[in-house]
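Participant: Pasting input11.pdb below, which is PDB, C-alpha atoms.
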```
ATOM      1  CA  MET A   1       8.214 -28.831 -42.514
ATOM      2  CA  SER A   2      11.434 -30.083 -40.939
ATOM      3  CA  ASP A   3      11.866 -30.367 -37.166
ATOM      4  CA  VAL A   4      14.569 -27.688 -37.303
ATOM      5  CA  ALA A   5      12.253 -25.223 -39.078
ATOM      6  CA  ARG A   6       9.452 -25.894 -36.572
ATOM      7  CA  HIS A   7      11.876 -25.326 -33.680
ATOM      8  CA  ASP A   8      12.971 -22.014 -35.196
ATOM      9  CA  ASP A   9       9.334 -20.920 -35.672
ATOM     10  CA  LEU A  10       8.428 -21.915 -32.131
ATOM     11  CA  TYR A  11      11.038 -19.590 -30.672
ATOM     12  CA  GLU A  12      10.604 -16.742 -33.129
ATOM     13  CA  ASP A  13      12.653 -13.650 -32.497
ATOM     14  CA  VAL A  14      11.091 -11.096 -30.159
ATOM     15  CA  SER A  15      12.710  -7.883 -29.082
ATOM     16  CA  ASN A  16      14.537  -7.937 -25.774
ATOM     17  CA  PRO A  17      11.907  -7.141 -23.099
ATOM     18  CA  LEU A  18      14.604  -5.682 -20.852
ATOM     19  CA  ASP A  19      14.305  -2.547 -22.982
ATOM     20  CA  SER A  20      10.678  -2.300 -21.794
ATOM     21  CA  VAL A  21      11.804  -3.033 -18.236
ATOM     22  CA  GLU A  22      14.143  -0.037 -18.433
ATOM     23  CA  GLU A  23      11.254   2.196 -19.531
ATOM     24  CA  ILE A  24       9.083   1.004 -16.634
ATOM     25  CA  LEU A  25      11.897   1.518 -14.122
ATOM     26  CA  CYS A  26      12.576   5.024 -15.452
ATOM     27  CA  ALA A  27       8.858   5.880 -15.223
ATOM     28  CA  ASN A  28       8.950   4.832 -11.541
ATOM     29  CA  GLU A  29      12.188   6.810 -11.061
ATOM     30  CA  TRP A  30      13.976   3.652  -9.881
ATOM     31  CA  THR A  31      17.734   3.496 -10.384
ATOM     32  CA  PHE A  32      18.812   0.292 -12.101
ATOM     33  CA  ASP A  33      21.942  -1.420 -13.364
ATOM     34  CA  ARG A  34      22.022  -3.124 -16.763
ATOM     35  CA  MET A  35      25.009  -5.432 -16.219
ATOM     36  CA  ALA A  36      24.737  -7.008 -19.681
ATOM     37  CA  GLU A  37      22.395  -7.049 -22.671
ATOM     38  CA  ASP A  38      20.419  -9.859 -21.001
ATOM     39  CA  GLU A  39      20.599  -8.883 -17.279
ATOM     40  CA  LEU A  40      19.232  -6.015 -15.222
ATOM     41  CA  THR A  41      18.845  -5.326 -11.466
ATOM     42  CA  VAL A  42      17.093  -2.659  -9.437
ATOM     43  CA  GLN A  43      16.699  -1.913  -5.718
ATOM     44  CA  VAL A  44      13.139  -1.112  -4.602
ATOM     45  CA  SER A  45      11.762   0.071  -1.263
ATOM     46  CA  GLY A  46       8.441  -1.455  -0.250
ATOM     47  CA  LYS A  47       6.196  -0.696   2.698
ATOM     48  CA  MET A  48       7.673  -3.584   4.676
ATOM     49  CA  GLY A  49      11.243  -3.873   3.432
ATOM     50  CA  GLU A  50      13.829  -3.552   0.694
ATOM     51  CA  TYR A  51      13.845  -5.748  -2.394
ATOM     52  CA  THR A  52      16.225  -6.439  -5.246
ATOM     53  CA  LEU A  53      14.574  -7.159  -8.577
ATOM     54  CA  PHE A  54      16.536  -9.279 -11.063
ATOM     55  CA  PHE A  55      15.535  -9.602 -14.717
ATOM     56  CA  ARG A  56      17.298 -12.084 -16.982
ATOM     57  CA  TRP A  57      16.396 -12.502 -20.662
ATOM     58  CA  GLN A  58      17.048 -15.821 -22.393
ATOM     59  CA  GLU A  59      16.674 -15.137 -26.102
ATOM     60  CA  GLU A  60      16.828 -18.748 -27.286
ATOM     61  CA  TYR A  61      13.535 -19.479 -25.471
ATOM     62  CA  SER A  62      12.007 -15.986 -25.692
ATOM     63  CA  ALA A  63      11.734 -16.156 -21.904
ATOM     64  CA  MET A  64      12.516 -13.772 -19.073
ATOM     65  CA  GLN A  65      13.296 -14.978 -15.584
ATOM     66  CA  PHE A  66      12.237 -12.491 -12.933
ATOM     67  CA  THR A  67      13.234 -12.608  -9.264
ATOM     68  CA  CYS A  68      12.171 -10.330  -6.415
ATOM     69  CA  GLN A  69      14.622 -10.951  -3.565
ATOM     70  CA  TYR A  70      14.123 -10.000   0.076
ATOM     71  CA  ASP A  71      16.829  -8.173   1.991
ATOM     72  CA  LEU A  72      16.643 -10.928   4.630
ATOM     73  CA  ASP A  73      18.706 -14.004   5.471
ATOM     74  CA  VAL A  74      16.836 -16.896   7.058
ATOM     75  CA  LYS A  75      18.700 -18.257  10.059
ATOM     76  CA  THR A  76      20.304 -21.637   9.397
ATOM     77  CA  ASN A  77      18.413 -23.263  12.279
ATOM     78  CA  ALA A  78      15.094 -22.035  10.777
ATOM     79  CA  MET A  79      15.693 -23.242   7.185
ATOM     80  CA  ASP A  80      13.697 -26.493   7.445
ATOM     81  CA  GLU A  81      10.667 -24.756   8.921
ATOM     82  CA  ALA A  82      10.999 -21.884   6.428
ATOM     83  CA  ALA A  83      11.102 -24.338   3.508
ATOM     84  CA  LYS A  84       7.955 -26.113   4.745
ATOM     85  CA  THR A  85       6.204 -22.766   5.154
ATOM     86  CA  MET A  86       7.338 -21.723   1.678
ATOM     87  CA  THR A  87       5.763 -24.886   0.257
ATOM     88  CA  ALA A  88       2.471 -24.028   1.985
ATOM     89  CA  ILE A  89       2.611 -20.474   0.609
ATOM     90  CA  ASN A  90       3.424 -21.705  -2.908
ATOM     91  CA  SER A  91       0.342 -23.946  -2.905
ATOM     92  CA  THR A  92      -1.822 -20.798  -2.697
ATOM     93  CA  LEU A  93      -0.122 -18.778  -5.441
ATOM     94  CA  TRP A  94      -1.491 -18.491  -8.965
ATOM     95  CA  LEU A  95       1.638 -16.987 -10.464
ATOM     96  CA  GLY A  96       5.279 -17.524  -9.542
ATOM     97  CA  HIS A  97       6.681 -19.182  -6.461
ATOM     98  CA  PHE A  98       8.912 -18.537  -3.475
ATOM     99  CA  ASP A  99      12.242 -20.270  -3.064
ATOM    100  CA  PHE A 100      15.733 -19.544  -1.803
ATOM    101  CA  ARG A 101      18.265 -17.879  -4.033
ATOM    102  CA  GLU A 102      20.676 -20.585  -5.129
ATOM    103  CA  GLY A 103      23.386 -21.242  -2.565
ATOM    104  CA  THR A 104      21.941 -18.782  -0.022
ATOM    105  CA  GLU A 105      19.385 -18.491   2.776
ATOM    106  CA  ILE A 106      17.794 -15.492   1.021
ATOM    107  CA  PRO A 107      14.083 -15.923   0.200
ATOM    108  CA  CYS A 108      12.810 -14.647  -3.136
ATOM    109  CA  PHE A 109       9.786 -14.664  -5.407
ATOM    110  CA  ARG A 110      10.529 -16.077  -8.853
ATOM    111  CA  HIS A 111       8.666 -16.369 -12.127
ATOM    112  CA  THR A 112       9.717 -17.142 -15.698
ATOM    113  CA  ALA A 113       7.562 -15.533 -18.388
ATOM    114  CA  LEU A 114       7.388 -16.461 -22.046
ATOM    115  CA  PHE A 115       7.386 -13.546 -24.500
ATOM    116  CA  ARG A 116       7.017 -15.286 -27.869
ATOM    117  CA  GLY A 117       4.581 -13.328 -30.019
ATOM    118  CA  MET A 118       4.443 -10.292 -27.740
ATOM    119  CA  THR A 119       4.903  -6.797 -29.054
ATOM    120  CA  HIS A 120       6.860  -4.061 -27.338
ATOM    121  CA  THR A 121       3.604  -2.702 -25.912
ATOM    122  CA  SER A 122       2.053  -5.993 -24.771
ATOM    123  CA  GLY A 123       5.373  -7.070 -23.283
ATOM    124  CA  ALA A 124       5.577  -3.858 -21.253
ATOM    125  CA  GLU A 125       2.108  -4.419 -19.788
ATOM    126  CA  HIS A 126       3.046  -8.007 -18.953
ATOM    127  CA  ILE A 127       6.191  -6.847 -17.147
ATOM    128  CA  GLU A 128       4.307  -4.158 -15.194
ATOM    129  CA  ASP A 129       1.823  -6.795 -14.004
ATOM    130  CA  LEU A 130       4.624  -9.179 -13.088
ATOM    131  CA  VAL A 131       6.439  -6.560 -10.993
ATOM    132  CA  ASP A 132       3.202  -5.466  -9.281
ATOM    133  CA  ILE A 133       2.243  -9.055  -8.419
ATOM    134  CA  ALA A 134       5.736  -9.946  -7.159
ATOM    135  CA  LEU A 135       5.994  -6.881  -4.923
ATOM    136  CA  ALA A 136       2.473  -7.465  -3.563
ATOM    137  CA  GLU A 137       3.254 -11.109  -2.732
ATOM    138  CA  CYS A 138       6.607 -10.181  -1.162
ATOM    139  CA  GLU A 139       4.967  -7.502   0.977
ATOM    140  CA  ARG A 140       2.174  -9.923   1.920
ATOM    141  CA  TYR A 141       4.633 -12.545   3.202
ATOM    142  CA  TYR A 142       7.340 -10.211   4.528
ATOM    143  CA  PRO A 143       6.339 -10.810   8.183
ATOM    144  CA  VAL A 144       6.713 -14.572   7.684
ATOM    145  CA  PHE A 145      10.213 -14.397   6.228
ATOM    146  CA  ASP A 146      11.229 -11.701   8.715
ATOM    147  CA  MET A 147      10.329 -14.115  11.514
ATOM    148  CA  PHE A 148      12.570 -16.803   9.991
ATOM    149  CA  ALA A 149      15.361 -14.249   9.594
ATOM    150  CA  ARG A 150      15.194 -13.801  13.380
ATOM    151  CA  GLY A 151      15.262 -17.570  14.043
ATOM    152  CA  PRO A 152      12.819 -20.494  14.308
ATOM    153  CA  ALA A 153       9.204 -19.352  14.619
ATOM    154  CA  ASN A 154       6.667 -20.550  17.137
ATOM    155  CA  GLY A 155       3.364 -21.867  15.757
ATOM    156  CA  ALA A 156       1.100 -19.091  17.076
ATOM    157  CA  ASP A 157       3.261 -16.265  15.720
ATOM    158  CA  LEU A 158       3.646 -18.016  12.369
ATOM    159  CA  SER A 159      -0.132 -18.485  12.083
ATOM    160  CA  LEU A 160      -0.648 -14.774  12.694
ATOM    161  CA  ALA A 161       2.032 -13.821  10.181
ATOM    162  CA  MET A 162       0.417 -16.059   7.538
ATOM    163  CA  MET A 163      -3.062 -14.526   7.929
ATOM    164  CA  ASN A 164      -4.424 -12.231   5.239
ATOM    165  CA  CYS A 165      -4.796  -8.680   6.496
ATOM    166  CA  ALA A 166      -7.930  -6.643   5.906
ATOM    167  CA  GLY A 167      -8.453  -2.917   6.269
ATOM    168  CA  VAL A 168      -6.919   0.325   5.151
ATOM    169  CA  SER A 169      -3.281   0.233   4.187
TER     170      SER A 169
END
```
Please express what this file holds, its structure, as structure tokens.
Facilitator:
Amino acid sequence: MSDVARHDDLYEDVSNPLDSVEEILCANEWTFDRMAEDELTVQVSGKMGEYTLFFRWQEEYSAMQFTCQYDLDVKTNAMDEAAKTMTAINSTLWLGHFDFREGTEIPCFRHTALFRGMTHTSGAEHIEDLVDIALAECERYYPVFDMFARGPANGADLSLAMMNCAGVS
């Protein structure tokens, strides 16, 4: 088999998972905007704050980049400390990572998922899990990024904000 044929097989055609994303968003009664065939955004209210979810499909790799962006801007004088804290948070995550949206001080959770070989149904379940995990992680670390949006954090407050909460939500 030629290298070209193997490359084509590796990235076999899968249906655009953004169609499944639309179904999930409709089921949650979330209003969304499909800017293009390969891009979709939605605003979501969480318990702690507001989030913008971005979905971008890249057909050539059968991959979807997903971003859950906070409605917060980290203060410029807190960026170094926020980046160090983000690195510490990322070392504990199993899926995805936190970073800053390119060219901004806006923190976000990001993950790229491969969809090769998935069906419409399995892709939808994958997307539901991805959204649930991203929103849970964003809610979990909202107090941390909110502190940096207010300015540099002191060590004691940051330690408290980083602690896992237990109890009834």
Participant: Which of these, A:Leu18, A:Glu23, A:His97, A:Thr52, has the shortest distance to A:Glu37 once you count only C-alpha atoms?
Facilitator: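 When distances to A:Glu37 are compared using only C-alpha atoms, the smallest one comes from A:Leu18.
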Participant: Which residue out of A:Cys26, A:Leu114, A:Met86, A:Ala134 has the minimum interatomic distance to A:Tyr61 when only C-alpha atoms are used?
Facilitator: A:Leu114
Participant: Any idea what the distance is between atom CA of A:Tyr51 and atom CA of A:Tyr70?
Facilitator: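 Between atom CA of A:Tyr51 and atom CA of A:Tyr70 the gap works out to 4.9 Å.
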Participant: Can you tell me how far atom CA of A:Leu72 sits from atom CA of A:Asp33, in Å to one decimal?
Facilitator: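 It comes out at 21.0 Å.
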Participant: So what does the PyMOL selection byres ((chain A and resi 150) around 9) actually pick up in this one, as a PDB file with C-alpha atoms, keeping the file's coordinate frame?
Facilitator:
```
ATOM      1  CA  ASP A  73      18.706 -14.004   5.471  1.00  0.00           C
ATOM      2  CA  VAL A  74      16.836 -16.896   7.058  1.00  0.00           C
ATOM      3  CA  LYS A  75      18.700 -18.257  10.059  1.00  0.00           C
ATOM      4  CA  ALA A  78      15.094 -22.035  10.777  1.00  0.00           C
ATOM      5  CA  PHE A 145      10.213 -14.397   6.228  1.00  0.00           C
ATOM      6  CA  ASP A 146      11.229 -11.701   8.715  1.00  0.00           C
ATOM      7  CA  MET A 147      10.329 -14.115  11.514  1.00  0.00           C
ATOM      8  CA  PHE A 148      12.570 -16.803   9.991  1.00  0.00           C
ATOM      9  CA  ALA A 149      15.361 -14.249   9.594  1.00  0.00           C
ATOM     10  CA  GLY A 151      15.262 -17.570  14.043  1.00  0.00           C
ATOM     11  CA  PRO A 152      12.819 -20.494  14.308  1.00  0.00           C
ATOM     12  CA  ALA A 153       9.204 -19.352  14.619  1.00  0.00           C
TER      13      ALA A 153
END
```
Participant: Report, in Å with one decimal, the straight-line distance from atom CA of A:Asn28 to atom CA of A:Ser45.
Facilitator: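 Spanning atom CA of A:Asn28 to atom CA of A:Ser45 is a straight-line distance of 11.7 Å.
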Participant: Taking 5 positions as the minimum chain separation for residues in the same chain, which residues sit within 12 Å of A:Lys84 when counting all atoms listed in the file? Answer as a ChimeraX atom specification.
Facilitator: /A:78-79,89-91,98-99,144,148,158
Participant: What do you get, as an mmCIF file with C-alpha atoms, in the frame of the given file, if you spell out every residue that the PyMOL selection byres ((chain A and resi 96) around 10) selects here?
Facilitator:
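The resulting file, out36.cif, is shown below:
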```
data_model
loop_
_atom_site.group_PDB
_atom_site.id
_atom_site.type_symbol
_atom_site.label_atom_id
_atom_site.label_comp_id
_atom_site.auth_asym_id
_atom_site.auth_seq_id
_atom_site.Cartn_x
_atom_site.Cartn_y
_atom_site.Cartn_z
ATOM 1 C CA PHE A 66 12.237 -12.491 -12.933
ATOM 2 C CA THR A 67 13.234 -12.608 -9.264
ATOM 3 C CA ASN A 90 3.424 -21.705 -2.908
ATOM 4 C CA LEU A 93 -0.122 -18.778 -5.441
ATOM 5 C CA TRP A 94 -1.491 -18.491 -8.965
ATOM 6 C CA LEU A 95 1.638 -16.987 -10.464
ATOM 7 C CA HIS A 97 6.681 -19.182 -6.461
ATOM 8 C CA PHE A 98 8.912 -18.537 -3.475
ATOM 9 C CA ASP A 99 12.242 -20.270 -3.064
ATOM 10 C CA PHE A 109 9.786 -14.664 -5.407
ATOM 11 C CA ARG A 110 10.529 -16.077 -8.853
ATOM 12 C CA HIS A 111 8.666 -16.369 -12.127
ATOM 13 C CA THR A 112 9.717 -17.142 -15.698
ATOM 14 C CA ALA A 113 7.562 -15.533 -18.388
ATOM 15 C CA LEU A 130 4.624 -9.179 -13.088
ATOM 16 C CA ILE A 133 2.243 -9.055 -8.419
ATOM 17 C CA ALA A 134 5.736 -9.946 -7.159
ATOM 18 C CA GLU A 137 3.254 -11.109 -2.732
#
```
Participant: Find, counting only C-alpha atoms, the residue in A:Gln65, A:Ser20, A:Thr92, A:Gln58 that gets nearest to A:Glu125.
Facilitator: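 Looking only at the distances to A:Glu125, the closest residue turns out to be A:Ser20.
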Participant: Determine the nearest neighbour of A:Thr41 from the options A:Phe54, A:Ser62, A:Tyr141, A:Glu29, counting all atoms listed in the file.
Facilitator: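 Once distances to A:Thr41 are computed over all atoms listed in the file, the minimum belongs to A:Phe54.
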